[in-house]
Amino acid sequence: MNLTLKVWRQANKSAKGKIETYQIKEISPDMSFLEMMDVLNEQLMLEQIDPIAFDHDCREGICGMCSMFINGEAHGPDRLVTTCQLHMRKFKDGDTITIEPFRAKAFPVIKDLTVDRSSFDRVQQAGGFVSVNTSGNTQDANAIPIDKHDADKAFDAATCIGCGACVATCKNASAMLFVSAKVSQYALLPQGKVEATDRVLNMVKQMDEEGFGNCTNTGACEVECPKGISLENIARMNREYLFASLKG
Amino acid sequence: MKKVKIRYRENSNGTSSIRLNYFHGYEIVKGKKKAKRSIKTLPFHLVTNPVTKEDIKQNESYKKEAHKIAESWEKSLLPSESFLKDNSFTKNTMFKLDSKIPEGPVTQKWTNHKGKINLVSPANKRLIDIIVVGTGLAGASASATLAELGYNVKTFCFQDSPRRAHSIAAQGGINAAKNYQGDGDSTYRLFYDTIKGGDYRSREANVHRLAEVSTNIIDQCVAQGVPFARDYGGLLDNRSFGGVLVSRTFYAKGQTGQQLLLGAYSAMNRQIGRGKIKMYNRHEMMDIVLVDGKARGIIARNLVDGKIERHGAHAVVIASGGYGNVFFLSTNAMGSNVSAGWKIHKKGAYFANPCFTQIHPTCIPVSGDHQSKLTLMSESLRNDGRIWVPKNIEDSKAIREGRLKPTEILEENRDYYLERRYPAFGNLVPRDVASRAAKERCDAGFGVNKTGEAVYLDFASSIIRYGKEQAHVKGLDENDSVLVKKLGQDVVRAKYGNLFQMYEKIVDQNPYETPMMIYPAVHYTMGGVWVDYNLMTSIPGCYAIGEANFSDHGANRLGASALMQGLADGYFVLPYTIGDYLSDDIRTGPIDTELPEFEKAESTVKAQLEAFISNNGTQSVDYYHRKLGKIMWDKCGMSRNEKGLKDAIIEIKELREDFYKNVNVPGRTDEFNEQLAKAGRVADFLELGELFAKDALERSESCGGHFREESQTPEGEALRDDENFTFVSAWEFKGAPSKAKLHKEELKYEEIEVKTRSYK
């Protein structure tokens, strides 16, 4: 199939960016979206044009590195997939595809489609852990029985891959789904209870400092999340936050 | 004669730009002789008529800088292979191969060793810096624990966050000898299974230690809040994996690697927050720096702005994973590379068993020339899936041409070749055996996709079996085939739903209705940097952990053991053993990065980067990577022979020479430049590939994943040669891969009797 691609080009963080248009031919529907981008880059290099910078690594939908905003949707038109798992068969011959980076104040562009998501790391560093020493001198794993339903829910929350689709999708660029997934994972497990108060307060504080927006419950994040992280987590975090605030 | 000349050109605004002219010689253009030049304009300007002292001083410093750049450019333009020679290669004549295995019975070695090694006091740990390269399970867990012990840790990863490391993609699970199921598991049994699975080519003492600490890992991870699968009683659940007779695999659905890595990442985050780990995201290690023969730091490149940085430390830990991407197509992530391991190899670290590669039998087949990577379908699928190809070659042809569907082939016209050849283990033979059997059928012309390189993994009979079971349990009609199929599909969905979804997205076929197509693909490398019992390489103060070292898996790794080894090395082994070395370093003080050794390493790195950019080539980096991958797969892949390996060595060398002459790397060195980063990685693969083939040629026996056609039984099974090859091949770099010198570490089996593996 032949396609017209409109791609965001931006030389670096401080440069002004703009949309460039490229034509691409003979794309197989079996290609993944990123393989199509590889072909485009090979073509650009032959034409002495700087290839398009984009983040990607595992290409099997788990590392969370790929991050493209395709035709106005984070990770493109398919549901429950990351950009790397999106395949060209989802498009038609002659389509025009617009490709932009994940945009948010807290995700500054590094180059073209590559953005800096270190704000996510800093939120995690503020409290996304259980303060247990890694010496191995812990109690036996089965000494802490956990209700299977809670364990399964904690697992579901923990499958967040930290890609940032929720932020890119949200009209407020809110990171609530991402932060609440981590808070929920620990809130549901006995191991996380000890530090629950500090965790939620510190993580939310850091989230605000990074410049993420507020949540207005539009639910767009849940729709675009490639891992299907549920809005329930946001409700749980709000509850945790309220308790923690009252407790001081 | 200097080929690069400095020229100054006056600008209209009172400044002069500095240009470097490189004279290539003459060429004939339209019948006229013309000088061929490359010109580079430097990013700083001189003041044309300097008056003030500052201006004069600045001009001088700019001129000096220009000379430096001109010199490094000049150097970089020397013929390609110069990178392999002297400048990067340090003679390590002092080192004598010694595995340092502690005395005593194998069950007591680790305990005794821990009791006897030197420690560093908490007050002194604050004075010691450690660099960790890589943030997978091994790197992240080591960083966290070392920081917690009190060392100052600097950790590097090339991804945008440590959480992206490829350990995250591991699916199946992690082994531990907990014996929670009471099915007869023990430390000894895990130890035995691992040695046997590795086809008797791993080090007994290391493997026993791994089995011993395995139980600690589970305790540790649960305490960290890793959400493992649980049963209704709230206790941890287990599943079974290939090559063993017990259920010792802990799991978190099909995302065990993700959950374990995020656990280690959270432990790291805690230390980053406390300031004990300084994290360098989007940084790539370019070289190691040795001072007086000891590892004292690294040269790193900031991938965002291209700046070259010097980092000093008292020890350097390499945790950069495996090198499966030497095959271009593998289940590794796109960025996975050998560079950190290869750079230290060129500075004196021995590289062990490079040819030991695991080729995983169940991956989604290649769909076309555009393919950039391959996706694994978990080994657990072989519990319920049956592997087959058509019995008649005409049927295979018809399928390939689209005239026939697999579901139309009658039961008696199917060849369940694993069940036929290995009745005892059937579809659950180890990975190496299953992979070779698939290749054998496809080579014989029975392959079932367009390229003829795929076999079927069929769930139809499991779906019916489960469906009947469910119908019986629910008291429904067992003979209602529609109902049975639906019930059966639900059971399969609950077990493997995420894998089936992944398959459907990639292949666009519904695996509940038609059999999956699978083919073997490169997955893991058992070979790696040689380490002693303390996990130290042959460079003092340089360690290698996780998949990066030659490890505990011998010639074949069992499923769910990679996660175990990564975390064992990082959480529980290295933090102990590194103290033994560092106890001598408490008075060293901070490492001075102004030392000439750092200077030299930095200029070599810069020269290579410049050389890539200024090369006037025509082919992309990927062009070479794909070509290398093809040579590796065809000649060093699932089966290898003397002629093919000899050809491969020549072809790789030629390809490497062509690469340096004709590779095209766009952009500049001082910017975010993915092609440049990739060029450096492929350059290292092009050297490793040759050593890989050389190692495979040298080892003329077959063992585990290494199958030499010359060494097989009459039935076509791998034939080991214990008399001549019970050793680890440790290669010393001598200026070029072709000149590498082989050292042999003899393997002694005191606890375990060496036997032939049979799965018939």
# chains A, B, ... in the order shown; residues from 1 in each chain; ligands from 1
>>> interface_residues(of="chain B", to="chain A", cutoff="6 Å", atoms="only C-alpha atoms", output="NGL selection string")
:B and (145 or 164 or 216 or 219-220 or 222 or 224-225 or 227 or 230 or 232 or 234-235 or 266 or 269-270 or 273 or 333-335)
>>> residues_around(residues="region 527-541 of chain B", least_positions_apart="6", cutoff="7 Å", atoms="only C-alpha atoms", output="PyMOL selection string")
chain B and resi 95+98-101+206+294-295+315-316+341+348-357+548-550+574+577+581+730
>>> select_by_dssp(residues="region 11-229 of chain A", states="strand (DSSP E)", output="list in words")
Lys18, Ile19, Glu20, Thr21, Tyr22, Gln23, Ile24, Met68, Phe69, Ile70, Glu73, Ala74, Thr96, Ile97, Thr98, Ile99, Glu100, Pro101, Val109, Ile110, Lys111, Thr114 and Val115 of chain A
>>> write_last_selection(atoms="C-alpha atoms", output="CSV table (one decimal), in the first residue's frame")
chain,number,residue,atom,x,y,z
A,18,LYS,CA,6.8,21.5,12.3
A,19,ILE,CA,4.9,18.8,10.4
A,20,GLU,CA,6.7,17.5,7.3
A,21,THR,CA,5.0,15.4,4.6
A,22,TYR,CA,6.5,12.2,3.2
A,23,GLN,CA,5.3,9.7,0.7
A,24,ILE,CA,5.9,6.0,1.2
A,68,MET,CA,3.6,7.8,19.0
A,69,PHE,CA,0.4,9.8,18.7
A,70,ILE,CA,-1.1,8.5,15.5
A,73,GLU,CA,-4.7,8.8,19.3
A,74,ALA,CA,-2.0,7.5,21.6
A,96,THR,CA,-2.8,9.9,5.2
A,97,ILE,CA,-1.3,9.3,8.6
A,98,THR,CA,-0.4,12.0,11.0
A,99,ILE,CA,2.3,11.1,13.5
A,100,GLU,CA,3.2,13.3,16.5
A,101,PRO,CA,5.0,12.8,19.8
A,109,VAL,CA,10.4,16.8,23.2
A,110,ILE,CA,14.0,15.7,22.8
A,111,LYS,CA,13.9,15.3,19.1
A,114,THR,CA,11.2,11.3,21.1
A,115,VAL,CA,10.1,12.8,24.4
>>> select_by_dssp(residues="region 21-233 of chain A", states="alpha helix (DSSP H)", output="ChimeraX atom specification")
/A:33-46,118-125,148-158,165-169,176-187,190-193,196-209,220-224,232-233
>>> residues_around(residues="Val492 (chain B)", least_positions_apart="2", cutoff="12 Å", atoms="only C-alpha atoms", output="MDAnalysis selection string")
chainID B and resid 380:381 383:385 458:467 470 485:490 494:501 511:513
>>> write_last_selection(atoms="C-alpha atoms", output="PDB file, in the first residue's frame")
ATOM      1  CA  SER B 380       4.417 -23.066  28.524  1.00  0.00           C
ATOM      2  CA  LEU B 381       2.341 -23.406  25.319  1.00  0.00           C
ATOM      3  CA  ASN B 383       2.164 -28.166  27.610  1.00  0.00           C
ATOM      4  CA  ASP B 384      -1.074 -28.079  25.620  1.00  0.00           C
ATOM      5  CA  GLY B 385      -0.040 -27.519  22.022  1.00  0.00           C
ATOM      6  CA  ASP B 458      -1.993 -27.028  17.389  1.00  0.00           C
ATOM      7  CA  PHE B 459      -4.385 -26.586  20.317  1.00  0.00           C
ATOM      8  CA  ALA B 460      -7.384 -28.327  18.755  1.00  0.00           C
ATOM      9  CA  SER B 461      -7.025 -31.565  20.698  1.00  0.00           C
ATOM     10  CA  SER B 462      -6.435 -29.715  23.993  1.00  0.00           C
ATOM     11  CA  ILE B 463      -9.495 -27.588  23.373  1.00  0.00           C
ATOM     12  CA  ILE B 464     -11.624 -30.705  22.924  1.00  0.00           C
ATOM     13  CA  ARG B 465     -10.031 -32.437  25.920  1.00  0.00           C
ATOM     14  CA  TYR B 466     -10.613 -29.437  28.210  1.00  0.00           C
ATOM     15  CA  GLY B 467     -14.060 -28.875  26.744  1.00  0.00           C
ATOM     16  CA  GLN B 470     -15.697 -28.916  31.606  1.00  0.00           C
ATOM     17  CA  LYS B 485     -15.300 -26.414  21.669  1.00  0.00           C
ATOM     18  CA  LYS B 486     -16.553 -23.258  23.330  1.00  0.00           C
ATOM     19  CA  LEU B 487     -15.898 -24.551  26.841  1.00  0.00           C
ATOM     20  CA  GLY B 488     -12.460 -25.754  25.813  1.00  0.00           C
ATOM     21  CA  GLN B 489     -11.571 -22.424  24.259  1.00  0.00           C
ATOM     22  CA  ASP B 490     -12.488 -20.683  27.512  1.00  0.00           C
ATOM     23  CA  ALA B 494      -7.735 -18.370  30.793  1.00  0.00           C
ATOM     24  CA  LYS B 495      -4.352 -20.083  30.558  1.00  0.00           C
ATOM     25  CA  TYR B 496      -2.748 -18.401  27.568  1.00  0.00           C
ATOM     26  CA  GLY B 497      -5.070 -15.519  26.673  1.00  0.00           C
ATOM     27  CA  ASN B 498      -2.429 -12.809  26.459  1.00  0.00           C
ATOM     28  CA  LEU B 499      -0.180 -14.940  24.238  1.00  0.00           C
ATOM     29  CA  PHE B 500      -3.038 -15.779  21.894  1.00  0.00           C
ATOM     30  CA  GLN B 501      -3.928 -12.088  21.648  1.00  0.00           C
ATOM     31  CA  PRO B 511      -5.213 -19.338  16.964  1.00  0.00           C
ATOM     32  CA  TYR B 512      -8.354 -20.683  18.642  1.00  0.00           C
ATOM     33  CA  GLU B 513      -9.629 -21.751  15.201  1.00  0.00           C
TER      34      GLU B 513
END
>>> residues_around(residues="region 197-201 of chain A", least_positions_apart="6", cutoff="9 Å", atoms="only C-alpha atoms", output="MDAnalysis selection string")
chainID A and resid 126:129 179:180 183 237 240:241 243:245 247:248
>>> closest_atom_pairs(of="region 122-183 of chain B", to="region 589-604 of chain B", cutoff="9 Å", atoms="only C-alpha atoms", output="Markdown table")
| residue | atom | partner | partner_atom | distance |
| --- | --- | --- | --- | --- |
| B:Leu127 | CA | B:Gly589 | CA | 6.9 |
| B:Ile128 | CA | B:Pro590 | CA | 7.6 |
| B:Asp129 | CA | B:Pro590 | CA | 7.8 |
>>> write_last_selection(atoms="C-alpha atoms", output="PDB file, in the first residue's frame")
ATOM      1  CA  LEU B 127      34.402   6.304  50.229  1.00  0.00           C
ATOM      2  CA  ILE B 128      33.962   3.804  47.436  1.00  0.00           C
ATOM      3  CA  ASP B 129      32.300   4.359  44.075  1.00  0.00           C
TER       4      ASP B 129
END
>>> atom_distance(atom1="CA of Ser14 (chain A)", atom2="CA of Gln675 (chain B)")
21.6 Å
>>> atom_distance(atom1="CA of Cys225 (chain A)", atom2="CA of Gly164 (chain A)")
8.7 Å
>>> closest_residue(among="B:Pro406, B:Gly233, B:Gly368, B:Pro102", to="Pro515 (chain B)", atoms="only C-alpha atoms")
B:Pro406
>>> closest_atom_pairs(of="region 539-579 of chain B", to="region 429-445 of chain B", cutoff="9 Å", atoms="only C-alpha atoms", output="Markdown table")
| residue | atom | partner | partner_atom | distance |
| --- | --- | --- | --- | --- |
| B:Asn556 | CA | B:Asp432 | CA | 7.2 |
| B:Arg557 | CA | B:Arg431 | CA | 8.5 |
| B:Leu558 | CA | B:Pro430 | CA | 7.6 |
| B:Gly559 | CA | B:Arg431 | CA | 8.5 |
>>> write_last_selection(atoms="C-alpha atoms", output="PDB file, in the first residue's frame")
ATOM      1  CA  ASN B 556      21.719 -24.882  27.140  1.00  0.00           C
ATOM      2  CA  ARG B 557      19.568 -22.950  29.598  1.00  0.00           C
ATOM      3  CA  LEU B 558      16.419 -24.363  31.158  1.00  0.00           C
ATOM      4  CA  GLY B 559      13.236 -22.306  31.057  1.00  0.00           C
TER       5      GLY B 559
END
>>> residues_around(residues="Leu177 (chain A)", least_positions_apart="4", cutoff="8 Å", atoms="only C-alpha atoms", output="count of residues only")
9
>>> residues_around(residues="Lys68 (chain B)", least_positions_apart="5", cutoff="12 Å", atoms="only C-alpha atoms", output="CSV table (one decimal) with C-alpha atoms, in the first residue's frame")
chain,number,residue,atom,x,y,z
B,4,VAL,CA,43.9,17.5,7.6
B,5,LYS,CA,44.7,21.2,7.4
B,6,ILE,CA,43.3,24.1,9.4
B,20,LEU,CA,39.2,21.8,8.6
B,42,LEU,CA,33.9,24.0,13.7
B,61,SER,CA,42.2,28.2,23.3
B,62,TYR,CA,40.0,27.8,20.2
B,63,LYS,CA,43.0,27.3,18.0
B,73,TRP,CA,40.0,13.5,12.6
B,74,GLU,CA,43.2,12.7,11.0
B,75,LYS,CA,43.5,9.6,13.2
B,603,SER,CA,40.1,10.5,22.4
B,606,LYS,CA,35.8,10.4,19.9
B,607,ALA,CA,37.9,9.4,17.0
